[in-house]
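Structure file entry-v7.pdb; described as PDB, C-alpha atoms and all ligand atoms.
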```pdb
ATOM      1  CA  MET A   1      12.681  10.716   8.999  1.00  0.00           C
ATOM      2  CA  THR A   2       9.940   9.812   6.548  1.00  0.00           C
ATOM      3  CA  LYS A   3       6.622  11.128   7.855  1.00  0.00           C
ATOM      4  CA  ILE A   4       3.214   9.679   7.000  1.00  0.00           C
ATOM      5  CA  LEU A   5      -0.075  11.353   7.908  1.00  0.00           C
ATOM      6  CA  VAL A   6      -2.797   8.905   8.980  1.00  0.00           C
ATOM      7  CA  ILE A   7      -6.161  10.613   8.620  1.00  0.00           C
ATOM      8  CA  ASN A   8      -9.626   9.367   9.558  1.00  0.00           C
ATOM      9  CA  GLY A   9     -12.900  10.955   8.543  1.00  0.00           C
ATOM     10  CA  PRO A  10     -16.373  11.265  10.063  1.00  0.00           C
ATOM     11  CA  ASN A  11     -17.686   8.782  12.635  1.00  0.00           C
ATOM     12  CA  LEU A  12     -14.450   6.819  12.822  1.00  0.00           C
ATOM     13  CA  ASN A  13     -13.926   8.260  16.325  1.00  0.00           C
ATOM     14  CA  ASN A  14     -16.756   5.852  17.233  1.00  0.00           C
ATOM     15  CA  LEU A  15     -14.985   2.702  16.076  1.00  0.00           C
ATOM     16  CA  GLY A  16     -15.446  -0.107  18.555  1.00  0.00           C
ATOM     17  CA  ARG A  17     -19.027   0.958  19.289  1.00  0.00           C
ATOM     18  CA  ARG A  18     -20.114   1.527  15.704  1.00  0.00           C
ATOM     19  CA  ASP A  19     -21.539  -1.402  13.695  1.00  0.00           C
ATOM     20  CA  PRO A  20     -18.838  -3.909  14.766  1.00  0.00           C
ATOM     21  CA  GLY A  21     -20.104  -6.366  12.109  1.00  0.00           C
ATOM     22  CA  GLN A  22     -18.800  -3.999   9.427  1.00  0.00           C
ATOM     23  CA  TYR A  23     -16.021  -2.173  11.216  1.00  0.00           C
ATOM     24  CA  GLY A  24     -14.743  -4.569  13.909  1.00  0.00           C
ATOM     25  CA  SER A  25     -14.394  -4.081  17.634  1.00  0.00           C
ATOM     26  CA  MET A  26     -11.114  -2.155  17.816  1.00  0.00           C
ATOM     27  CA  THR A  27     -11.346   1.480  18.886  1.00  0.00           C
ATOM     28  CA  LEU A  28      -9.541   4.192  16.929  1.00  0.00           C
ATOM     29  CA  PRO A  29      -6.952   4.726  19.722  1.00  0.00           C
ATOM     30  CA  GLU A  30      -6.254   0.967  19.685  1.00  0.00           C
ATOM     31  CA  ILE A  31      -5.807   1.000  15.912  1.00  0.00           C
ATOM     32  CA  GLU A  32      -3.543   4.056  16.189  1.00  0.00           C
ATOM     33  CA  THR A  33      -1.396   2.249  18.768  1.00  0.00           C
ATOM     34  CA  ALA A  34      -1.027  -0.703  16.373  1.00  0.00           C
ATOM     35  CA  ILE A  35      -0.111   1.716  13.569  1.00  0.00           C
ATOM     36  CA  SER A  36       2.489   3.449  15.789  1.00  0.00           C
ATOM     37  CA  ASN A  37       4.047   0.079  16.655  1.00  0.00           C
ATOM     38  CA  ARG A  38       4.272  -0.869  12.987  1.00  0.00           C
ATOM     39  CA  ALA A  39       5.670   2.588  12.122  1.00  0.00           C
ATOM     40  CA  GLU A  40       8.427   2.110  14.674  1.00  0.00           C
ATOM     41  CA  LYS A  41       9.357  -1.234  13.091  1.00  0.00           C
ATOM     42  CA  LEU A  42       9.330   0.330   9.627  1.00  0.00           C
ATOM     43  CA  GLY A  43      11.389   3.304  10.814  1.00  0.00           C
ATOM     44  CA  VAL A  44       8.843   5.912   9.775  1.00  0.00           C
ATOM     45  CA  GLU A  45       7.121   8.674  11.721  1.00  0.00           C
ATOM     46  CA  VAL A  46       3.310   8.858  11.795  1.00  0.00           C
ATOM     47  CA  ALA A  47       0.981  11.726  12.692  1.00  0.00           C
ATOM     48  CA  PHE A  48      -2.697  11.034  13.396  1.00  0.00           C
ATOM     49  CA  PHE A  49      -5.724  13.197  12.709  1.00  0.00           C
ATOM     50  CA  GLN A  50      -9.453  12.452  12.892  1.00  0.00           C
ATOM     51  CA  SER A  51     -12.341  14.804  12.340  1.00  0.00           C
ATOM     52  CA  ASN A  52     -16.052  14.634  11.718  1.00  0.00           C
ATOM     53  CA  HIS A  53     -15.758  17.831   9.646  1.00  0.00           C
ATOM     54  CA  GLU A  54     -14.513  17.961   6.071  1.00  0.00           C
ATOM     55  CA  GLY A  55     -13.186  21.528   6.471  1.00  0.00           C
ATOM     56  CA  ALA A  56     -11.134  20.557   9.512  1.00  0.00           C
ATOM     57  CA  ILE A  57      -9.437  17.837   7.459  1.00  0.00           C
ATOM     58  CA  VAL A  58      -8.806  20.356   4.657  1.00  0.00           C
ATOM     59  CA  ASP A  59      -7.254  22.758   7.235  1.00  0.00           C
ATOM     60  CA  TYR A  60      -5.096  19.940   8.603  1.00  0.00           C
ATOM     61  CA  LEU A  61      -3.864  18.979   5.126  1.00  0.00           C
ATOM     62  CA  GLN A  62      -3.028  22.605   4.314  1.00  0.00           C
ATOM     63  CA  GLU A  63      -1.079  22.938   7.577  1.00  0.00           C
ATOM     64  CA  SER A  64       0.636  19.552   7.613  1.00  0.00           C
ATOM     65  CA  SER A  65       1.330  18.299   4.113  1.00  0.00           C
ATOM     66  CA  ALA A  66       4.426  20.487   3.537  1.00  0.00           C
ATOM     67  CA  SER A  67       6.235  18.652   6.330  1.00  0.00           C
ATOM     68  CA  ALA A  68       4.990  15.155   5.355  1.00  0.00           C
ATOM     69  CA  ASP A  69       5.946  12.576   2.731  1.00  0.00           C
ATOM     70  CA  GLY A  70       2.811  10.478   2.336  1.00  0.00           C
ATOM     71  CA  ILE A  71      -0.813  10.101   3.410  1.00  0.00           C
ATOM     72  CA  VAL A  72      -2.905   7.130   4.511  1.00  0.00           C
ATOM     73  CA  ILE A  73      -6.553   8.157   4.694  1.00  0.00           C
ATOM     74  CA  ASN A  74      -9.908   6.596   5.466  1.00  0.00           C
ATOM     75  CA  PRO A  75     -12.243   9.315   4.170  1.00  0.00           C
ATOM     76  CA  ALA A  76     -15.282   7.420   5.571  1.00  0.00           C
ATOM     77  CA  ALA A  77     -18.559   8.935   4.320  1.00  0.00           C
ATOM     78  CA  LEU A  78     -16.662  11.763   2.592  1.00  0.00           C
ATOM     79  CA  THR A  79     -15.303   9.195   0.132  1.00  0.00           C
ATOM     80  CA  GLY A  80     -17.965   9.736  -2.509  1.00  0.00           C
ATOM     81  CA  VAL A  81     -18.889  13.375  -1.943  1.00  0.00           C
ATOM     82  CA  GLY A  82     -15.892  15.121  -0.379  1.00  0.00           C
ATOM     83  CA  TYR A  83     -14.890  17.333  -3.305  1.00  0.00           C
ATOM     84  CA  SER A  84     -13.044  19.879  -1.151  1.00  0.00           C
ATOM     85  CA  LEU A  85     -11.243  16.987   0.561  1.00  0.00           C
ATOM     86  CA  GLY A  86     -10.349  15.553  -2.854  1.00  0.00           C
ATOM     87  CA  ASP A  87      -8.987  18.947  -3.959  1.00  0.00           C
ATOM     88  CA  ALA A  88      -6.968  19.358  -0.743  1.00  0.00           C
ATOM     89  CA  LEU A  89      -5.487  15.887  -1.203  1.00  0.00           C
ATOM     90  CA  ARG A  90      -4.628  16.719  -4.818  1.00  0.00           C
ATOM     91  CA  ASP A  91      -3.075  20.052  -3.734  1.00  0.00           C
ATOM     92  CA  ALA A  92      -1.014  18.262  -1.071  1.00  0.00           C
ATOM     93  CA  GLY A  93       0.844  16.579  -3.935  1.00  0.00           C
ATOM     94  CA  LEU A  94       1.796  13.612  -1.755  1.00  0.00           C
ATOM     95  CA  PRO A  95       1.340   9.926  -2.532  1.00  0.00           C
ATOM     96  CA  LEU A  96      -1.731   8.636  -0.731  1.00  0.00           C
ATOM     97  CA  ILE A  97      -3.380   5.322  -0.014  1.00  0.00           C
ATOM     98  CA  GLU A  98      -7.124   5.063   0.610  1.00  0.00           C
ATOM     99  CA  VAL A  99      -8.234   2.685   3.363  1.00  0.00           C
ATOM    100  CA  HIS A 100     -11.665   1.302   4.229  1.00  0.00           C
ATOM    101  CA  LEU A 101     -12.239  -1.187   7.011  1.00  0.00           C
ATOM    102  CA  SER A 102     -15.210  -2.724   5.226  1.00  0.00           C
ATOM    103  CA  ASN A 103     -15.369  -3.902   1.624  1.00  0.00           C
ATOM    104  CA  ILE A 104     -17.116  -0.863   0.160  1.00  0.00           C
ATOM    105  CA  HIS A 105     -17.517  -2.708  -3.148  1.00  0.00           C
ATOM    106  CA  ALA A 106     -19.702  -5.363  -1.508  1.00  0.00           C
ATOM    107  CA  ARG A 107     -22.022  -2.841   0.167  1.00  0.00           C
ATOM    108  CA  GLU A 108     -24.504  -0.174  -0.925  1.00  0.00           C
ATOM    109  CA  GLU A 109     -23.859   1.368  -4.338  1.00  0.00           C
ATOM    110  CA  PHE A 110     -23.233   4.866  -2.906  1.00  0.00           C
ATOM    111  CA  ARG A 111     -20.191   3.628  -0.974  1.00  0.00           C
ATOM    112  CA  ARG A 112     -18.358   2.465  -4.094  1.00  0.00           C
ATOM    113  CA  HIS A 113     -17.746   5.784  -5.768  1.00  0.00           C
ATOM    114  CA  SER A 114     -14.613   7.521  -4.507  1.00  0.00           C
ATOM    115  CA  VAL A 115     -13.331  11.012  -5.278  1.00  0.00           C
ATOM    116  CA  VAL A 116     -10.051   9.915  -3.682  1.00  0.00           C
ATOM    117  CA  ALA A 117      -9.369   6.705  -5.656  1.00  0.00           C
ATOM    118  CA  PRO A 118      -8.357   8.460  -8.923  1.00  0.00           C
ATOM    119  CA  ILE A 119      -5.520  10.292  -7.129  1.00  0.00           C
ATOM    120  CA  ALA A 120      -4.504   7.387  -4.877  1.00  0.00           C
ATOM    121  CA  VAL A 121      -1.574   5.028  -5.299  1.00  0.00           C
ATOM    122  CA  GLY A 122      -4.106   2.360  -4.373  1.00  0.00           C
ATOM    123  CA  GLN A 123      -7.002   1.364  -2.160  1.00  0.00           C
ATOM    124  CA  VAL A 124      -7.281  -1.158   0.679  1.00  0.00           C
ATOM    125  CA  ALA A 125     -10.861  -2.201   1.433  1.00  0.00           C
ATOM    126  CA  GLY A 126     -12.412  -4.997   3.461  1.00  0.00           C
ATOM    127  CA  LEU A 127      -9.322  -6.048   5.406  1.00  0.00           C
ATOM    128  CA  GLY A 128     -10.422  -4.487   8.709  1.00  0.00           C
ATOM    129  CA  TRP A 129      -8.052  -2.596  11.014  1.00  0.00           C
ATOM    130  CA  ARG A 130      -5.024  -4.400   9.563  1.00  0.00           C
ATOM    131  CA  GLY A 131      -5.729  -2.574   6.312  1.00  0.00           C
ATOM    132  CA  TYR A 132      -4.112   0.500   7.892  1.00  0.00           C
ATOM    133  CA  LEU A 133      -0.958  -1.512   8.625  1.00  0.00           C
ATOM    134  CA  TYR A 134      -0.806  -2.873   5.064  1.00  0.00           C
ATOM    135  CA  ALA A 135      -1.293   0.640   3.708  1.00  0.00           C
ATOM    136  CA  LEU A 136       1.428   2.046   5.990  1.00  0.00           C
ATOM    137  CA  GLU A 137       3.838  -0.702   5.001  1.00  0.00           C
ATOM    138  CA  HIS A 138       3.168  -0.177   1.320  1.00  0.00           C
ATOM    139  CA  MET A 139       3.538   3.607   1.663  1.00  0.00           C
ATOM    140  CA  SER A 140       6.856   3.139   3.442  1.00  0.00           C
ATOM    141  CA  HIS A 141       8.163   0.927   0.587  1.00  0.00           C
ATOM    142  CA  HIS A 142       6.665   3.248  -2.042  1.00  0.00           C
ATOM    143  CA  LEU A 143       8.506   6.240  -0.537  1.00  0.00           C
ATOM    144  CA  GLN A 144      11.755   4.299  -0.165  1.00  0.00           C
ATOM    145  CA  GLU A 145      11.563   3.555  -3.871  1.00  0.00           C
ATOM    146  CA  GLY A 146      11.156   7.266  -4.540  1.00  0.00           C
ATOM    147  CA  GLY A 147       7.465   6.796  -5.294  1.00  0.00           C
ATOM    148  CA  ALA A 148       5.613   9.776  -6.657  1.00  0.00           C
ATOM    149  CA  ALA A 149       2.102  10.981  -5.874  1.00  0.00           C
TER
HETATM  150  C1  LIG A 201     -15.768   3.224   5.692  1.00  0.00           C
HETATM  151  C2  LIG A 201     -16.822   2.892   4.641  1.00  0.00           C
HETATM  152  C3  LIG A 201     -17.690   4.109   4.346  1.00  0.00           C
HETATM  153  O1  LIG A 201     -18.676   3.784   3.359  1.00  0.00           O
HETATM  154  C4  LIG A 201     -18.394   4.541   5.612  1.00  0.00           C
HETATM  155  O2  LIG A 201     -19.137   5.726   5.359  1.00  0.00           O
HETATM  156  C5  LIG A 201     -17.484   4.720   6.763  1.00  0.00           C
HETATM  157  C6  LIG A 201     -16.389   3.775   6.947  1.00  0.00           C
HETATM  158  C7  LIG A 201     -14.926   1.982   6.068  1.00  0.00           C
HETATM  159  O3  LIG A 201     -13.892   2.172   6.703  1.00  0.00           O
HETATM  160  O4  LIG A 201     -15.311   0.853   5.765  1.00  0.00           O
HETATM  161  O5  LIG A 201     -17.684   5.600   7.603  1.00  0.00           O
HETATM  162  O6  LIG A 201     -14.863   4.187   5.127  1.00  0.00           O
END
```
For this file, produce the structure as structure tokens.
Amino acid sequence: MTKILVINGPNLNNLGRRDPGQYGSMTLPEIETAISNRAEKLGVEVAFFQSNHEGAIVDYLQESSASADGIVINPAALTGVGYSLGDALRDAGLPLIEVHLSNIHAREEFRRHSVVAPIAVGQVAGLGWRGYLYALEHMSHHLQEGGAA
């Protein structure tokens, strides 16, 4: 079965408590449940990982990408500065979609730059927790169509 890694970066373990005006009131486990439900409908397998540490995400990608087909990732504050994360994503060689709950393009300048965007199939930003579902759905179609990284 097609397998998609859903990865969340620093501070996203605090969703629900963290600046709900920007990030909404859903917790990460609640969002992951919604993603699992959508995955079941789409007939794809998902694996979740969250860390506050860039190196832990790099380790996870090195361990998990060989057995996966695609990646949906919210790199959070690593988006603009996570060069080792960007390299690990590039090395994974899998199609990836970048997700942000908030519209990073309507916020502070430093949030706009992304080391992930140039290697992504696309970016979803500003659509809240449903952005993960849209990204998952698109990745599922992309892979069905034989989509490359
Ligand atoms: C975020 C946006 C980032 O700028 C921020 O550092 C986050 C969350 C988002 O989902 O909107 O932690 O990636």
Closest atom pairs, chain A residues within 6 Å of ligand LIG 201 (chain A), only C-alpha atoms and all ligand atoms, as a tab-separated table:
```
residue	atom	partner	partner_atom	distance
A:Asn11	CA	A:LIG201	O5	6.0
A:Asn74	CA	A:LIG201	O6	5.5
A:Pro75	CA	A:LIG201	O6	5.8
A:Ala76	CA	A:LIG201	O6	3.3
A:Ala77	CA	A:LIG201	O2	3.4
A:His100	CA	A:LIG201	O3	3.4
A:Leu101	CA	A:LIG201	O3	3.8
A:Ser102	CA	A:LIG201	O4	3.6
A:Ile104	CA	A:LIG201	O1	5.9
A:Arg111	CA	A:LIG201	O1	4.6
```
Q.
Set the distance at 9 Å and use all atoms listed in the file: which residues neighbour region 121-135 of chain A once local chain neighbours fewer than 4 positions away are removed? I'd like the list as a ChimeraX atom specification.
A. /A:6,22-24,26,31,34-35,38-39,72-74,95-106,117,139-140,148-149
Generate a file of the selected residues that holds C-alpha atoms, formatted as a short mmCIF file (atom, residue, chain, number, x, y, z; two decimals), keeping the file's coordinate frame.
```cif
data_model
loop_
_atom_site.label_atom_id
_atom_site.label_comp_id
_atom_site.auth_asym_id
_atom_site.auth_seq_id
_atom_site.Cartn_x
_atom_site.Cartn_y
_atom_site.Cartn_z
CA VAL A 6 -2.80 8.90 8.98
CA GLN A 22 -18.80 -4.00 9.43
CA TYR A 23 -16.02 -2.17 11.22
CA GLY A 24 -14.74 -4.57 13.91
CA MET A 26 -11.11 -2.15 17.82
CA ILE A 31 -5.81 1.00 15.91
CA ALA A 34 -1.03 -0.70 16.37
CA ILE A 35 -0.11 1.72 13.57
CA ARG A 38 4.27 -0.87 12.99
CA ALA A 39 5.67 2.59 12.12
CA VAL A 72 -2.90 7.13 4.51
CA ILE A 73 -6.55 8.16 4.69
CA ASN A 74 -9.91 6.60 5.47
CA PRO A 95 1.34 9.93 -2.53
CA LEU A 96 -1.73 8.64 -0.73
CA ILE A 97 -3.38 5.32 -0.01
CA GLU A 98 -7.12 5.06 0.61
CA VAL A 99 -8.23 2.68 3.36
CA HIS A 100 -11.66 1.30 4.23
CA LEU A 101 -12.24 -1.19 7.01
CA SER A 102 -15.21 -2.72 5.23
CA ASN A 103 -15.37 -3.90 1.62
CA ILE A 104 -17.12 -0.86 0.16
CA HIS A 105 -17.52 -2.71 -3.15
CA ALA A 106 -19.70 -5.36 -1.51
CA ALA A 117 -9.37 6.70 -5.66
CA MET A 139 3.54 3.61 1.66
CA SER A 140 6.86 3.14 3.44
CA ALA A 148 5.61 9.78 -6.66
CA ALA A 149 2.10 10.98 -5.87
#
```
Q: Quick one: everything within 10 Å of region 53-70 of chain A, counting only C-alpha atoms, minus sequence neighbours fewer than 4 positions away in the same chain. Send it as a ChimeraX atom specification.
A: /A:1-11,45-47,49,75,78,82-89,91-97,136,139-140,142-143,147-149
Pull C-alpha atoms from the residues just selected and write them as a compact mmCIF listing (two decimals), in the coordinates of the input.
```txt
# COMPACT_ATOMS: atom_id res chain seq x y z
CA MET A 1 12.68 10.72 9.00
CA THR A 2 9.94 9.81 6.55
CA LYS A 3 6.62 11.13 7.86
CA ILE A 4 3.21 9.68 7.00
CA LEU A 5 -0.08 11.35 7.91
CA VAL A 6 -2.80 8.90 8.98
CA ILE A 7 -6.16 10.61 8.62
CA ASN A 8 -9.63 9.37 9.56
CA GLY A 9 -12.90 10.96 8.54
CA PRO A 10 -16.37 11.26 10.06
CA ASN A 11 -17.69 8.78 12.64
CA GLU A 45 7.12 8.67 11.72
CA VAL A 46 3.31 8.86 11.80
CA ALA A 47 0.98 11.73 12.69
CA PHE A 49 -5.72 13.20 12.71
CA PRO A 75 -12.24 9.32 4.17
CA LEU A 78 -16.66 11.76 2.59
CA GLY A 82 -15.89 15.12 -0.38
CA TYR A 83 -14.89 17.33 -3.30
CA SER A 84 -13.04 19.88 -1.15
CA LEU A 85 -11.24 16.99 0.56
CA GLY A 86 -10.35 15.55 -2.85
CA ASP A 87 -8.99 18.95 -3.96
CA ALA A 88 -6.97 19.36 -0.74
CA LEU A 89 -5.49 15.89 -1.20
CA ASP A 91 -3.08 20.05 -3.73
CA ALA A 92 -1.01 18.26 -1.07
CA GLY A 93 0.84 16.58 -3.94
CA LEU A 94 1.80 13.61 -1.76
CA PRO A 95 1.34 9.93 -2.53
CA LEU A 96 -1.73 8.64 -0.73
CA ILE A 97 -3.38 5.32 -0.01
CA LEU A 136 1.43 2.05 5.99
CA MET A 139 3.54 3.61 1.66
CA SER A 140 6.86 3.14 3.44
CA HIS A 142 6.66 3.25 -2.04
CA LEU A 143 8.51 6.24 -0.54
CA GLY A 147 7.46 6.80 -5.29
CA ALA A 148 5.61 9.78 -6.66
CA ALA A 149 2.10 10.98 -5.87
```
Q: Kindly indicate which residue among A:Asn52, A:Glu137, A:Thr27, A:Thr79 lies nearest to Glu40 (chain A), using only C-alpha atoms for the distances.
A: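 For Glu40 (chain A), the nearest of the candidates is A:Glu137.
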Q: Quick one: pull the distance between CA of Asn13 (chain A) and CA of Leu28 (chain A), Å, one decimal.
A: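 Calculated distance between CA of Asn13 (chain A) and CA of Leu28 (chain A) is 6.0 Å.
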Q. Suppose you want the space between CA of Thr33 (chain A) and CA of Gln144 (chain A); what is it in Å?
A.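 CA of Thr33 (chain A) sits 23.1 Å away from CA of Gln144 (chain A).
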Q: Please indicate the distance in Å from CA of His141 (chain A) to CA of Ile119 (chain A), rounded to one decimal place.
A: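 Rounded to one decimal, the two atoms are 18.3 Å apart.
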What would region 51-74 of chain A look like with N, CA, C and O atoms in place, written as a CSV table (one decimal), in the frame of the given file?
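Saved to part.csv:
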```
chain,number,residue,atom,x,y,z
A,51,SER,N,-11.3,13.8,12.1
A,51,SER,CA,-12.3,14.8,12.3
A,51,SER,C,-13.6,14.4,11.7
A,51,SER,O,-13.7,13.6,10.7
A,52,ASN,N,-14.7,14.9,12.3
A,52,ASN,CA,-16.1,14.6,11.7
A,52,ASN,C,-16.4,15.7,10.7
A,52,ASN,O,-17.5,15.7,10.2
A,53,HIS,N,-15.5,16.7,10.5
A,53,HIS,CA,-15.8,17.8,9.6
A,53,HIS,C,-14.8,17.9,8.5
A,53,HIS,O,-13.6,17.9,8.7
A,54,GLU,N,-15.3,17.9,7.3
A,54,GLU,CA,-14.5,18.0,6.1
A,54,GLU,C,-13.5,19.1,6.1
A,54,GLU,O,-12.4,19.0,5.8
A,55,GLY,N,-14.0,20.3,6.5
A,55,GLY,CA,-13.2,21.5,6.5
A,55,GLY,C,-12.0,21.4,7.4
A,55,GLY,O,-10.9,21.9,7.2
A,56,ALA,N,-12.2,20.7,8.5
A,56,ALA,CA,-11.1,20.6,9.5
A,56,ALA,C,-10.0,19.7,8.9
A,56,ALA,O,-8.8,19.9,9.2
A,57,ILE,N,-10.4,18.7,8.1
A,57,ILE,CA,-9.4,17.8,7.5
A,57,ILE,C,-8.7,18.6,6.4
A,57,ILE,O,-7.5,18.5,6.2
A,58,VAL,N,-9.4,19.5,5.7
A,58,VAL,CA,-8.8,20.4,4.7
A,58,VAL,C,-7.8,21.3,5.3
A,58,VAL,O,-6.6,21.4,4.9
A,59,ASP,N,-8.2,21.9,6.5
A,59,ASP,CA,-7.3,22.8,7.2
A,59,ASP,C,-6.0,22.0,7.6
A,59,ASP,O,-4.9,22.5,7.5
A,60,TYR,N,-6.2,20.8,8.1
A,60,TYR,CA,-5.1,19.9,8.6
A,60,TYR,C,-4.1,19.6,7.4
A,60,TYR,O,-2.9,19.7,7.6
A,61,LEU,N,-4.7,19.3,6.3
A,61,LEU,CA,-3.9,19.0,5.1
A,61,LEU,C,-3.1,20.2,4.7
A,61,LEU,O,-1.9,20.1,4.4
A,62,GLN,N,-3.7,21.4,4.7
A,62,GLN,CA,-3.0,22.6,4.3
A,62,GLN,C,-1.9,22.9,5.3
A,62,GLN,O,-0.8,23.4,4.9
A,63,GLU,N,-2.1,22.6,6.6
A,63,GLU,CA,-1.1,22.9,7.6
A,63,GLU,C,0.0,21.9,7.6
A,63,GLU,O,1.2,22.2,7.9
A,64,SER,N,-0.3,20.6,7.3
A,64,SER,CA,0.6,19.6,7.6
A,64,SER,C,1.3,18.9,6.4
A,64,SER,O,2.3,18.2,6.6
A,65,SER,N,0.8,19.1,5.2
A,65,SER,CA,1.3,18.3,4.1
A,65,SER,C,2.7,18.7,3.7
A,65,SER,O,3.5,17.9,3.2
A,66,ALA,N,3.1,20.0,3.9
A,66,ALA,CA,4.4,20.5,3.5
A,66,ALA,C,5.5,19.8,4.3
A,66,ALA,O,6.6,19.6,3.8
A,67,SER,N,5.2,19.3,5.5
A,67,SER,CA,6.2,18.7,6.3
A,67,SER,C,6.0,17.1,6.3
A,67,SER,O,6.6,16.4,7.2
A,68,ALA,N,5.2,16.6,5.4
A,68,ALA,CA,5.0,15.2,5.4
A,68,ALA,C,5.4,14.6,4.0
A,68,ALA,O,5.6,15.3,3.0
A,69,ASP,N,5.5,13.2,4.0
A,69,ASP,CA,5.9,12.6,2.7
A,69,ASP,C,4.8,11.7,2.1
A,69,ASP,O,4.9,11.4,0.9
A,70,GLY,N,3.9,11.3,2.9
A,70,GLY,CA,2.8,10.5,2.3
A,70,GLY,C,1.6,10.5,3.2
A,70,GLY,O,1.6,11.0,4.4
A,71,ILE,N,0.5,10.0,2.7
A,71,ILE,CA,-0.8,10.1,3.4
A,71,ILE,C,-1.5,8.7,3.3
A,71,ILE,O,-1.6,8.1,2.2
A,72,VAL,N,-2.0,8.3,4.5
A,72,VAL,CA,-2.9,7.1,4.5
A,72,VAL,C,-4.2,7.7,5.0
A,72,VAL,O,-4.2,8.3,6.1
A,73,ILE,N,-5.3,7.5,4.3
A,73,ILE,CA,-6.6,8.2,4.7
A,73,ILE,C,-7.7,7.2,4.5
A,73,ILE,O,-7.9,6.6,3.5
A,74,ASN,N,-8.6,7.2,5.6
A,74,ASN,CA,-9.9,6.6,5.5
A,74,ASN,C,-10.9,7.8,5.4
A,74,ASN,O,-11.2,8.3,6.5
```
